[in-house]
$ cat work-v6.cif   # mmCIF, C-alpha atoms
data_my_file
#
loop_
_atom_site.label_atom_id
_atom_site.label_comp_id
_atom_site.auth_asym_id
_atom_site.auth_seq_id
_atom_site.Cartn_x
_atom_site.Cartn_y
_atom_site.Cartn_z
CA MET Y 30 16.82 -20.28 -5.86
CA ARG Y 31 16.37 -17.27 -8.13
CA HIS Y 32 19.75 -17.95 -9.72
CA LEU Y 33 18.91 -21.62 -10.24
CA ARG Y 34 15.60 -20.72 -11.90
CA ALA Y 35 17.43 -18.36 -14.24
CA LEU Y 36 19.88 -21.10 -15.26
CA CYS Y 37 17.08 -23.59 -15.95
CA ALA Y 38 15.14 -20.97 -17.93
CA ILE Y 39 18.17 -20.28 -20.14
CA ALA Y 40 18.73 -24.01 -20.71
CA ASP Y 41 15.06 -24.67 -21.52
CA ALA Y 42 14.65 -21.64 -23.79
CA GLY Y 43 17.97 -22.12 -25.59
CA SER Y 44 18.66 -18.40 -25.68
CA LEU Y 45 19.11 -15.48 -23.32
CA HIS Y 46 16.52 -13.43 -25.20
CA LYS Y 47 13.75 -16.03 -24.84
CA ALA Y 48 14.66 -16.80 -21.25
CA ALA Y 49 14.61 -13.12 -20.30
CA ARG Y 50 11.15 -12.75 -21.83
CA GLN Y 51 9.89 -15.79 -19.89
CA LEU Y 52 11.36 -14.51 -16.63
CA GLY Y 53 10.02 -10.99 -17.16
CA VAL Y 54 13.44 -9.30 -17.08
CA SER Y 55 15.58 -7.51 -19.63
CA GLN Y 56 18.21 -9.46 -21.59
CA PRO Y 57 21.10 -7.29 -20.33
CA SER Y 58 19.94 -7.90 -16.75
CA LEU Y 59 19.82 -11.67 -17.29
CA THR Y 60 23.24 -11.62 -18.99
CA THR Y 61 24.70 -9.79 -16.01
CA GLN Y 62 23.10 -12.26 -13.63
CA LEU Y 63 24.53 -15.21 -15.60
CA ARG Y 64 28.04 -13.72 -15.50
CA ARG Y 65 27.70 -13.20 -11.72
CA ILE Y 66 26.66 -16.84 -11.26
CA GLU Y 67 29.54 -18.08 -13.43
CA ARG Y 68 32.04 -16.01 -11.42
CA ALA Y 69 30.66 -17.40 -8.17
CA LEU Y 70 30.88 -21.00 -9.46
CA GLU Y 71 34.22 -20.35 -11.17
CA GLY Y 72 33.22 -21.95 -14.44
CA GLU Y 73 31.46 -21.28 -17.73
CA LEU Y 74 27.90 -22.64 -17.72
CA PHE Y 75 26.77 -21.88 -21.29
CA LEU Y 76 28.36 -21.58 -24.69
CA ARG Y 77 27.13 -18.42 -26.42
CA GLU Y 78 26.60 -19.20 -30.09
CA ARG Y 79 25.03 -17.38 -32.99
CA THR Y 80 21.91 -19.54 -32.75
CA GLY Y 81 21.57 -19.27 -28.96
CA CYS Y 82 23.00 -20.82 -25.79
CA ARG Y 83 23.74 -24.41 -24.90
CA PRO Y 84 25.08 -25.78 -21.62
CA THR Y 85 28.74 -26.66 -21.27
CA PRO Y 86 29.61 -30.03 -19.64
CA PHE Y 87 30.04 -28.11 -16.38
CA GLY Y 88 26.70 -26.39 -16.99
CA ARG Y 89 24.94 -29.73 -17.49
CA THR Y 90 26.31 -30.90 -14.14
CA VAL Y 91 25.03 -27.79 -12.38
CA LEU Y 92 21.63 -28.05 -14.09
CA GLY Y 93 21.38 -31.70 -13.09
CA ARG Y 94 21.66 -30.64 -9.45
CA ALA Y 95 19.53 -27.50 -9.83
CA ARG Y 96 16.39 -29.06 -11.28
CA PRO Y 97 15.70 -31.48 -8.37
CA LEU Y 98 16.32 -28.66 -5.88
CA LEU Y 99 13.83 -26.40 -7.63
CA ALA Y 100 11.26 -29.20 -7.86
CA GLU Y 101 11.60 -29.89 -4.14
CA MET Y 102 11.30 -26.21 -3.28
CA ASP Y 103 8.21 -25.82 -5.47
CA ALA Y 104 6.69 -28.89 -3.87
CA LEU Y 105 7.44 -27.55 -0.37
CA VAL Y 106 5.82 -24.20 -1.14
CA ALA Y 107 2.80 -25.83 -2.78
CA GLU Y 108 2.26 -28.21 0.13
CA ALA Y 109 2.60 -25.43 2.69
CA ARG Y 110 0.07 -23.27 0.84
CA ALA Y 111 -2.28 -26.23 0.47
CA GLN Y 112 -2.21 -26.90 4.22
CA ALA Y 113 -2.88 -23.23 4.94
CA ARG Y 114 -5.88 -23.11 2.58
CA GLY Y 115 -7.37 -26.51 3.34
CA PRO Y 116 -7.86 -29.56 1.08
CA ARG Y 117 -7.34 -28.83 -2.60
CA LEU Y 118 -6.98 -30.93 -5.73
CA ARG Y 119 -5.15 -29.35 -8.67
CA ILE Y 120 -5.83 -31.06 -11.99
CA GLY Y 121 -4.28 -30.52 -15.40
CA SER Y 122 -5.56 -31.89 -18.67
CA THR Y 123 -5.30 -31.70 -22.40
CA ALA Y 124 -8.72 -31.04 -23.95
CA SER Y 125 -11.13 -33.94 -23.51
CA PRO Y 126 -14.93 -34.38 -23.50
CA ALA Y 127 -14.43 -36.60 -20.44
CA LEU Y 128 -13.48 -33.61 -18.28
CA PRO Y 129 -17.00 -32.49 -17.20
CA GLY Y 130 -17.94 -36.00 -16.08
CA TRP Y 131 -14.62 -36.42 -14.27
CA LEU Y 132 -15.00 -33.14 -12.36
CA ARG Y 133 -18.60 -33.98 -11.49
CA ARG Y 134 -17.53 -37.29 -9.95
CA LEU Y 135 -14.64 -35.71 -8.08
CA HIS Y 136 -16.91 -33.02 -6.61
CA ARG Y 137 -19.35 -35.69 -5.48
CA ARG Y 138 -16.59 -37.81 -3.94
CA LEU Y 139 -14.70 -34.88 -2.36
CA PRO Y 140 -17.35 -32.25 -1.52
CA ASP Y 141 -15.11 -30.35 0.89
CA THR Y 142 -12.10 -30.22 -1.46
CA GLU Y 143 -11.43 -27.22 -3.68
CA THR Y 144 -10.80 -28.47 -7.22
CA THR Y 145 -8.91 -26.38 -9.77
CA LEU Y 146 -8.38 -27.19 -13.44
CA VAL Y 147 -5.61 -26.18 -15.87
CA VAL Y 148 -6.16 -27.06 -19.54
CA ASP Y 149 -3.13 -26.91 -21.85
CA VAL Y 150 -2.47 -28.22 -25.38
CA SER Y 151 1.02 -29.35 -24.31
CA ALA Y 152 1.01 -32.66 -22.43
CA ASN Y 153 4.72 -32.28 -21.65
CA ALA Y 154 4.09 -28.89 -20.03
CA LEU Y 155 1.40 -30.40 -17.80
CA LEU Y 156 3.70 -33.26 -16.78
CA ARG Y 157 6.39 -30.75 -15.80
CA MET Y 158 3.83 -28.90 -13.67
CA VAL Y 159 2.95 -32.11 -11.83
CA ALA Y 160 6.64 -32.85 -11.23
CA ALA Y 161 7.18 -29.29 -9.95
CA GLY Y 162 4.32 -29.59 -7.46
CA GLN Y 163 2.12 -27.08 -9.29
CA LEU Y 164 -0.45 -29.79 -10.10
CA ASP Y 165 -1.45 -32.96 -8.28
CA MET Y 166 -2.28 -34.89 -11.46
CA ALA Y 167 -2.62 -34.51 -15.21
CA PHE Y 168 -4.77 -36.34 -17.76
CA VAL Y 169 -2.83 -36.29 -21.03
CA HIS Y 170 -2.64 -37.99 -24.40
CA GLU Y 171 0.51 -39.35 -26.03
CA VAL Y 172 0.66 -39.48 -29.83
CA GLU Y 173 1.56 -42.97 -31.02
CA GLY Y 174 5.23 -43.19 -31.94
CA PHE Y 175 6.18 -39.98 -30.12
CA PRO Y 176 6.52 -40.69 -26.38
CA LEU Y 177 6.05 -37.94 -23.84
CA ARG Y 178 8.92 -36.87 -21.59
CA VAL Y 179 7.67 -38.14 -18.22
CA PRO Y 180 9.70 -36.66 -15.33
CA GLU Y 181 11.09 -39.04 -12.74
CA GLY Y 182 8.97 -39.65 -9.67
CA LEU Y 183 5.56 -39.43 -11.33
CA GLN Y 184 3.12 -42.32 -11.15
CA VAL Y 185 1.56 -43.00 -14.56
CA ARG Y 186 -1.51 -45.15 -15.22
CA VAL Y 187 -2.86 -45.98 -18.66
CA LEU Y 188 -6.51 -45.15 -19.22
CA MET Y 189 -6.63 -46.24 -22.89
CA GLU Y 190 -3.72 -48.04 -24.50
CA ARG Y 191 -4.84 -47.02 -27.98
CA GLU Y 192 -7.57 -44.50 -28.71
CA PRO Y 193 -8.19 -44.11 -32.46
CA GLN Y 194 -8.31 -40.64 -33.93
CA PHE Y 195 -11.19 -40.09 -36.33
CA VAL Y 196 -11.23 -37.57 -39.16
CA SER Y 197 -13.51 -34.54 -39.47
CA MET Y 198 -14.63 -33.11 -42.80
CA SER Y 199 -17.39 -31.19 -44.47
CA PRO Y 200 -20.72 -33.06 -44.73
CA GLU Y 201 -20.48 -32.40 -48.47
CA HIS Y 202 -17.15 -34.25 -48.79
CA PRO Y 203 -17.52 -37.34 -51.04
CA ALA Y 204 -15.90 -39.52 -48.37
CA ALA Y 205 -18.60 -38.50 -45.87
CA ARG Y 206 -20.96 -40.94 -47.59
CA ASN Y 207 -18.95 -43.85 -46.14
CA ASP Y 208 -19.08 -45.18 -42.59
CA VAL Y 209 -15.29 -45.70 -42.64
CA VAL Y 210 -12.88 -43.52 -44.64
CA HIS Y 211 -9.67 -44.65 -46.37
CA LEU Y 212 -6.77 -42.21 -46.31
CA HIS Y 213 -6.49 -42.26 -50.10
CA GLU Y 214 -10.00 -40.73 -50.24
CA LEU Y 215 -8.49 -37.66 -48.60
CA ALA Y 216 -5.41 -37.44 -50.83
CA ALA Y 217 -6.56 -34.20 -52.45
CA ASP Y 218 -7.42 -32.47 -49.18
CA ARG Y 219 -5.44 -30.09 -47.05
CA TRP Y 220 -4.91 -31.40 -43.53
CA MET Y 221 -5.15 -29.05 -40.58
CA VAL Y 222 -3.02 -29.68 -37.48
CA ASP Y 223 -2.15 -27.73 -34.33
CA PRO Y 224 1.69 -27.75 -34.11
CA SER Y 225 1.58 -26.75 -30.43
CA VAL Y 226 0.09 -30.16 -29.49
CA ASP Y 227 3.05 -32.36 -28.55
CA GLY Y 228 3.72 -34.98 -31.24
CA GLU Y 229 0.60 -34.21 -33.28
CA TRP Y 230 2.30 -32.70 -36.31
CA ASP Y 231 4.99 -35.37 -36.47
CA GLY Y 232 2.46 -38.15 -35.92
CA LEU Y 233 0.21 -36.97 -38.73
CA ARG Y 234 3.12 -36.49 -41.14
CA ARG Y 235 4.36 -40.01 -40.43
CA VAL Y 236 0.93 -41.58 -41.05
CA LEU Y 237 0.43 -39.66 -44.28
CA ALA Y 238 3.93 -40.54 -45.49
CA ASP Y 239 3.36 -44.23 -44.71
CA ALA Y 240 0.27 -44.05 -46.92
CA GLY Y 241 2.28 -42.46 -49.75
CA LEU Y 242 0.54 -39.10 -49.32
CA ASP Y 243 2.12 -35.65 -49.16
CA PRO Y 244 -0.78 -33.21 -48.84
CA PRO Y 245 -0.36 -29.57 -47.79
CA LEU Y 246 -0.69 -29.01 -44.03
CA LEU Y 247 -2.39 -26.04 -42.43
CA HIS Y 248 -1.20 -24.91 -38.99
CA ALA Y 249 -3.88 -23.55 -36.68
CA ASP Y 250 -5.63 -24.32 -33.42
CA TYR Y 251 -8.64 -26.60 -33.80
CA HIS Y 252 -11.20 -24.06 -32.58
CA THR Y 253 -10.10 -21.53 -35.18
CA ALA Y 254 -9.95 -24.12 -37.94
CA ALA Y 255 -13.46 -25.52 -37.40
CA THR Y 256 -14.87 -23.09 -39.94
CA LEU Y 257 -12.31 -24.29 -42.52
CA ILE Y 258 -13.36 -27.89 -41.99
CA VAL Y 259 -17.08 -27.13 -42.19
CA SER Y 260 -16.60 -25.15 -45.40
CA GLY Y 261 -14.60 -27.95 -47.02
CA GLU Y 262 -11.26 -26.12 -47.00
CA ALA Y 263 -9.54 -28.72 -44.81
CA VAL Y 264 -9.86 -32.02 -42.97
CA ALA Y 265 -8.43 -32.74 -39.52
CA PRO Y 266 -7.96 -35.41 -36.84
CA TYR Y 267 -10.85 -35.59 -34.38
CA GLN Y 268 -11.20 -37.05 -30.90
CA PRO Y 269 -13.71 -39.93 -31.06
CA THR Y 270 -15.31 -38.92 -27.76
CA SER Y 271 -16.12 -35.44 -29.09
CA GLY Y 272 -19.41 -36.58 -30.57
CA PRO Y 273 -21.20 -35.62 -33.79
CA ARG Y 274 -21.81 -32.10 -35.05
CA PRO Y 275 -24.64 -31.17 -37.41
CA ASP Y 276 -22.29 -29.08 -39.56
CA MET Y 277 -19.42 -31.59 -39.70
CA ALA Y 278 -18.95 -35.23 -40.75
CA VAL Y 279 -16.83 -37.33 -38.38
CA ARG Y 280 -15.68 -40.77 -39.54
CA PRO Y 281 -13.25 -43.50 -38.40
CA LEU Y 282 -10.20 -44.07 -40.58
CA HIS Y 283 -9.71 -47.49 -42.13
CA GLY Y 284 -7.13 -49.43 -40.13
CA ASP Y 285 -7.01 -46.72 -37.43
CA PRO Y 286 -3.58 -45.38 -38.47
CA LEU Y 287 -3.83 -42.37 -36.14
CA ALA Y 288 -3.95 -43.15 -32.43
CA VAL Y 289 -3.04 -41.81 -29.01
CA ARG Y 290 -2.47 -43.34 -25.58
CA LEU Y 291 -4.40 -41.79 -22.70
CA LEU Y 292 -2.52 -41.43 -19.41
CA LEU Y 293 -3.12 -40.14 -15.90
CA ALA Y 294 0.08 -38.91 -14.26
CA THR Y 295 -0.02 -38.16 -10.54
CA ARG Y 296 2.28 -37.15 -7.73
CA PRO Y 297 2.89 -39.83 -5.10
CA GLY Y 298 0.10 -39.80 -2.54
CA ALA Y 299 -2.51 -38.21 -4.84
CA HIS Y 300 -6.11 -39.42 -4.63
CA ALA Y 301 -6.13 -42.97 -6.00
CA GLU Y 302 -9.89 -42.75 -6.56
CA ALA Y 303 -9.37 -40.07 -9.19
CA TYR Y 304 -8.31 -42.71 -11.72
CA GLU Y 305 -11.51 -44.70 -11.22
CA ASP Y 306 -13.59 -41.54 -11.56
CA LEU Y 307 -11.75 -40.65 -14.77
CA ARG Y 308 -12.26 -44.12 -16.21
CA GLU Y 309 -16.01 -43.92 -15.56
CA ALA Y 310 -16.19 -40.42 -17.02
CA TYR Y 311 -14.32 -41.51 -20.14
CA ARG Y 312 -16.61 -44.52 -20.58
CA GLU Y 313 -19.62 -42.23 -20.25
CA ALA Y 314 -18.28 -39.87 -22.94
CA ALA Y 315 -17.32 -42.74 -25.25
CA LEU Y 316 -20.61 -44.58 -25.12
CA ARG Y 317 -22.79 -41.53 -25.78
CA THR Y 318 -21.02 -40.97 -29.12
CA PRO Y 319 -22.63 -43.19 -31.82
CA ALA Y 320 -19.61 -43.43 -34.15
CA TYR Y 321 -17.22 -44.26 -31.33
CA ARG Y 322 -19.68 -46.66 -29.73
CA ALA Y 323 -19.94 -48.49 -33.05
CA TRP Y 324 -16.15 -48.62 -33.30
CA LEU Y 325 -15.87 -50.01 -29.77
CA ARG Y 326 -18.42 -52.68 -30.64
CA ARG Y 327 -16.55 -53.58 -33.82
CA VAL Y 328 -13.23 -54.10 -31.99
CA GLY Y 329 -14.79 -55.77 -28.95
CA SER Y 330 -13.58 -53.12 -26.51
CA PRO Y 331 -13.61 -53.86 -22.76
CA LEU Y 332 -15.36 -50.51 -22.32
CA LEU Y 333 -18.58 -52.12 -23.58
CA GLU Y 334 -18.19 -55.07 -21.23
CA SER Y 335 -17.62 -52.79 -18.25
CA ALA Y 336 -20.73 -50.79 -19.17
#

$ encode --input "work-v6.cif" --output "structure tokens"
Amino acid sequence: MRHLRALCAIADAGSLHKAARQLGVSQPSLTTQLRRIERALEGELFLRERTGCRPTPFGRTVLGRARPLLAEMDALVAEARAQARGPRLRIGSTASPALPGWLRRLHRRLPDTETTLVVDVSANALLRMVAAGQLDMAFVHEVEGFPLRVPEGLQVRVLMEREPQFVSMSPEHPAARNDVVHLHELAADRWMVDPSVDGEWDGLRRVLADAGLDPPLLHADYHTAATLIVSGEAVAPYQPTSGPRPDMAVRPLHGDPLAVRLLLATRPGAHAEAYEDLREAYREAALRTPAYRAWLRRVGSPLLESA
């Protein structure tokens, strides 16, 4: 299994150097291990190129068999550990204001179950963890036009087919005087985006290009960039459930050009009630936010009817 993990790490990283760093070994050691594996299998698994490594046709065949084996082994180990420790629910999520309400409902429903939470900016990374048996479920968002890579075997349910992304700006921004902002009102602004969020950078560039805009983009995580937005140095997409801030103006965009799809991916046999708890938690977060509540009313969202 150690050899199979090394092969998958090399394929995923695209280079021996990066794979060695991920595995916590030296590059010469990993190179020696790869040569030993290739001798045992009597075939070349990777083409060594100036820009890195890529699997040969034979290598792709081996990797295609290796990945399911590793996933099954990880699942076996995880299930065995879970049985030894008692009931446990392992949740992954991209950042969302619905998380506290979701965990509160899960704790109330499953008082004797240990609940753990992993938050990651990469939805694809969380989905891989569910497929590998490291998580039981993951609440993720999918940027419109840039589908996530959902591993086979996962059960996926849609929480929101299309959640609009609002825009955050300084309260002193001229566009902050309006209830709804047109993209052209932000043509002179620098947009801030976190490139580590799957699809976010590409999604924003596409929307701006469709509007005929080519503003400069700043790359930073959203927590670090909050001071830039407040000071008027940048504007940025904003989750509508995040609620208002006294030092920041948050407005819907005209026509809702930026949107994500909210998904809950689970392993077969995971708690079915978790989806219902998440839906109620999301509704709670949505309806306590005035700007989003007004948007939901304007579009006639079923969330208001359910409430």

$ resolve_selection --input "work-v6.cif" --expression "the PyMOL selection byres ((chain Y and resi 281) around 12)" --output "ChimeraX atom specification"
/Y:192-198,204-205,207-212,265-270,278-280,282-288,319-325,327

$ residues_near_point --input "work-v6.cif" --point "(-10.3, -30.2, -0.7)" --cutoff "10 Å" --atoms "only C-alpha atoms" --output "PyMOL selection string"
chain Y and resi 111+114-119+136+139-145

$ resolve_selection --input "work-v6.cif" --expression "the PyMOL selection byres ((chain Y and resi 246) around 10)" --output "PyMOL selection string"
chain Y and resi 218-223+230+233-234+243-245+247-249+263-265

$ closest_residue --input "work-v6.cif" --among "Y:Pro224, Y:Pro97, Y:Pro200, Y:Gly232" --to "Ala160 (chain Y)" --atoms "all atoms listed in the file"
Y:Pro97

$ residues_around --input "work-v6.cif" --residues "region 297-301 of chain Y" --least-positions-apart "4" --cutoff "12 Å" --atoms "all atoms listed in the file" --output "number ranges by chain"
Y: 104, 116-120, 135, 138-139, 142, 159-160, 162, 164-167, 181-186, 293, 305-308

$ closest_residue --input "work-v6.cif" --among "Y:Leu155, Y:Val328, Y:Leu105, Y:Ala254" --to "Arg191 (chain Y)" --atoms "all atoms listed in the file"
Y:Val328

$ residues_around --input "work-v6.cif" --residues "Asp41 (chain Y)" --least-positions-apart "3" --cutoff "12 Å" --atoms "only C-alpha atoms" --output "ChimeraX atom specification"
/Y:34-38,44-49,51-52,81-84,89,92,96,154

$ atom_distance --input "work-v6.cif" --atom1 "CA of Leu177 (chain Y)" --atom2 "CA of Ala152 (chain Y)"
7.4 Å

$ closest_residue --input "work-v6.cif" --among "Y:Ala95, Y:Val236, Y:Thr90, Y:Val54" --to "His32 (chain Y)" --atoms "all atoms listed in the file"
Y:Ala95

$ closest_residue --input "work-v6.cif" --among "Y:Glu190, Y:Glu214, Y:Glu309, Y:Glu108" --to "Leu292 (chain Y)" --atoms "only C-alpha atoms"
Y:Glu190

$ closest_residue --input "work-v6.cif" --among "Y:Val226, Y:Val259, Y:Val179, Y:Ile39" --to "Arg296 (chain Y)" --atoms "all atoms listed in the file"
Y:Val179

$ closest_residue --input "work-v6.cif" --among "Y:Ser125, Y:Gln56, Y:Asn153, Y:Thr256" --to "Pro180 (chain Y)" --atoms "only C-alpha atoms"
Y:Asn153

$ residues_near_point --input "work-v6.cif" --point "(-10.5, -36.2, -21.3)" --cutoff "9 Å" --atoms "only C-alpha atoms" --output "list in words"
Ser122, Thr123, Ala124, Ser125, Pro126, Ala127, Leu128, Pro129, Trp131, Phe168, Val169, His170, Thr270, Leu291, Leu307, Ala310, Tyr311 and Ala314 of chain Y

$ atom_distance --input "work-v6.cif" --atom1 "CA of Pro176 (chain Y)" --atom2 "CA of Val289 (chain Y)"
10.0 Å

$ atom_distance --input "work-v6.cif" --atom1 "CA of Arg134 (chain Y)" --atom2 "CA of Val106 (chain Y)"
28.2 Å

$ resolve_selection --input "work-v6.cif" --expression "the PyMOL selection byres ((chain Y and resi 62-72) around 8)" --output "tab-separated table (two decimals) with C-alpha atoms, in the coordinates of the input"
chain	number	residue	atom	x	y	z
Y	32	HIS	CA	19.75	-17.95	-9.72
Y	35	ALA	CA	17.43	-18.36	-14.24
Y	36	LEU	CA	19.88	-21.10	-15.26
Y	58	SER	CA	19.94	-7.90	-16.75
Y	59	LEU	CA	19.82	-11.67	-17.29
Y	60	THR	CA	23.24	-11.62	-18.99
Y	61	THR	CA	24.70	-9.79	-16.01
Y	73	GLU	CA	31.46	-21.28	-17.73
Y	74	LEU	CA	27.90	-22.64	-17.72
Y	87	PHE	CA	30.04	-28.11	-16.38

$ axis_aligned_box --input "work-v6.cif" --around "region 259-278 of chain Y" --padding-each-side "8 Å" --output "lines of an AutoDock Vina configuration file"
center_x = -16.3
center_y = -32.5
center_z = -37.4
size_x = 32.7
size_y = 30.8
size_z = 35.3

$ decode --input "work-v6.cif" --residues "region 239-248 of chain Y" --atoms "all heavy atoms" --output "compact mmCIF listing (two decimals), in the first residue's frame"
# COMPACT_ATOMS: atom_id res chain seq x y z
N ASP Y 239 -17.48 38.75 -19.46
CA ASP Y 239 -18.79 38.81 -20.11
C ASP Y 239 -19.38 40.21 -20.02
O ASP Y 239 -20.16 40.63 -20.90
CB ASP Y 239 -19.76 37.80 -19.48
CG ASP Y 239 -19.41 36.36 -19.84
OD1 ASP Y 239 -18.60 36.16 -20.77
OD2 ASP Y 239 -19.94 35.44 -19.19
N ALA Y 240 -19.01 40.94 -18.97
CA ALA Y 240 -19.51 42.31 -18.81
C ALA Y 240 -18.61 43.33 -19.51
O ALA Y 240 -18.86 44.53 -19.42
CB ALA Y 240 -19.62 42.65 -17.33
N GLY Y 241 -17.57 42.85 -20.20
CA GLY Y 241 -16.66 43.76 -20.90
C GLY Y 241 -15.69 44.45 -19.97
O GLY Y 241 -15.15 45.51 -20.31
N LEU Y 242 -15.43 43.87 -18.79
CA LEU Y 242 -14.54 44.49 -17.81
C LEU Y 242 -13.25 43.68 -17.68
O LEU Y 242 -13.26 42.44 -17.79
CB LEU Y 242 -15.22 44.56 -16.43
CG LEU Y 242 -16.56 45.30 -16.37
CD1 LEU Y 242 -17.13 45.24 -14.95
CD2 LEU Y 242 -16.41 46.74 -16.83
N ASP Y 243 -12.16 44.37 -17.46
CA ASP Y 243 -10.87 43.71 -17.26
C ASP Y 243 -10.12 44.41 -16.14
O ASP Y 243 -9.04 44.97 -16.33
CB ASP Y 243 -10.06 43.76 -18.56
CG ASP Y 243 -8.77 42.94 -18.44
OD1 ASP Y 243 -8.73 42.03 -17.59
OD2 ASP Y 243 -7.81 43.23 -19.19
N PRO Y 244 -10.68 44.39 -14.92
CA PRO Y 244 -10.04 45.09 -13.81
C PRO Y 244 -8.87 44.28 -13.26
O PRO Y 244 -8.77 43.07 -13.49
CB PRO Y 244 -11.16 45.17 -12.77
CG PRO Y 244 -11.96 43.93 -13.02
CD PRO Y 244 -11.92 43.72 -14.51
N PRO Y 245 -7.97 44.93 -12.53
CA PRO Y 245 -6.89 44.17 -11.88
C PRO Y 245 -7.45 43.29 -10.77
O PRO Y 245 -8.42 43.66 -10.10
CB PRO Y 245 -5.97 45.26 -11.32
CG PRO Y 245 -6.85 46.47 -11.19
CD PRO Y 245 -7.86 46.38 -12.28
N LEU Y 246 -6.88 42.10 -10.60
CA LEU Y 246 -7.31 41.17 -9.57
C LEU Y 246 -6.24 41.04 -8.51
O LEU Y 246 -5.05 40.92 -8.82
CB LEU Y 246 -7.61 39.79 -10.18
CG LEU Y 246 -8.75 39.72 -11.20
CD1 LEU Y 246 -8.90 38.30 -11.72
CD2 LEU Y 246 -10.06 40.20 -10.58
N LEU Y 247 -6.66 41.06 -7.26
CA LEU Y 247 -5.76 40.84 -6.14
C LEU Y 247 -5.97 39.43 -5.63
O LEU Y 247 -7.10 38.97 -5.50
CB LEU Y 247 -6.05 41.84 -5.01
CG LEU Y 247 -6.00 43.33 -5.36
CD1 LEU Y 247 -6.37 44.16 -4.15
CD2 LEU Y 247 -4.61 43.71 -5.84
N HIS Y 248 -4.89 38.73 -5.33
CA HIS Y 248 -4.97 37.36 -4.82
C HIS Y 248 -4.64 37.35 -3.34
O HIS Y 248 -3.53 37.70 -2.93
CB HIS Y 248 -4.01 36.44 -5.57
CG HIS Y 248 -4.38 36.26 -7.01
ND1 HIS Y 248 -3.55 35.67 -7.94
CD2 HIS Y 248 -5.49 36.61 -7.70
CE1 HIS Y 248 -4.13 35.65 -9.12
NE2 HIS Y 248 -5.32 36.22 -8.99
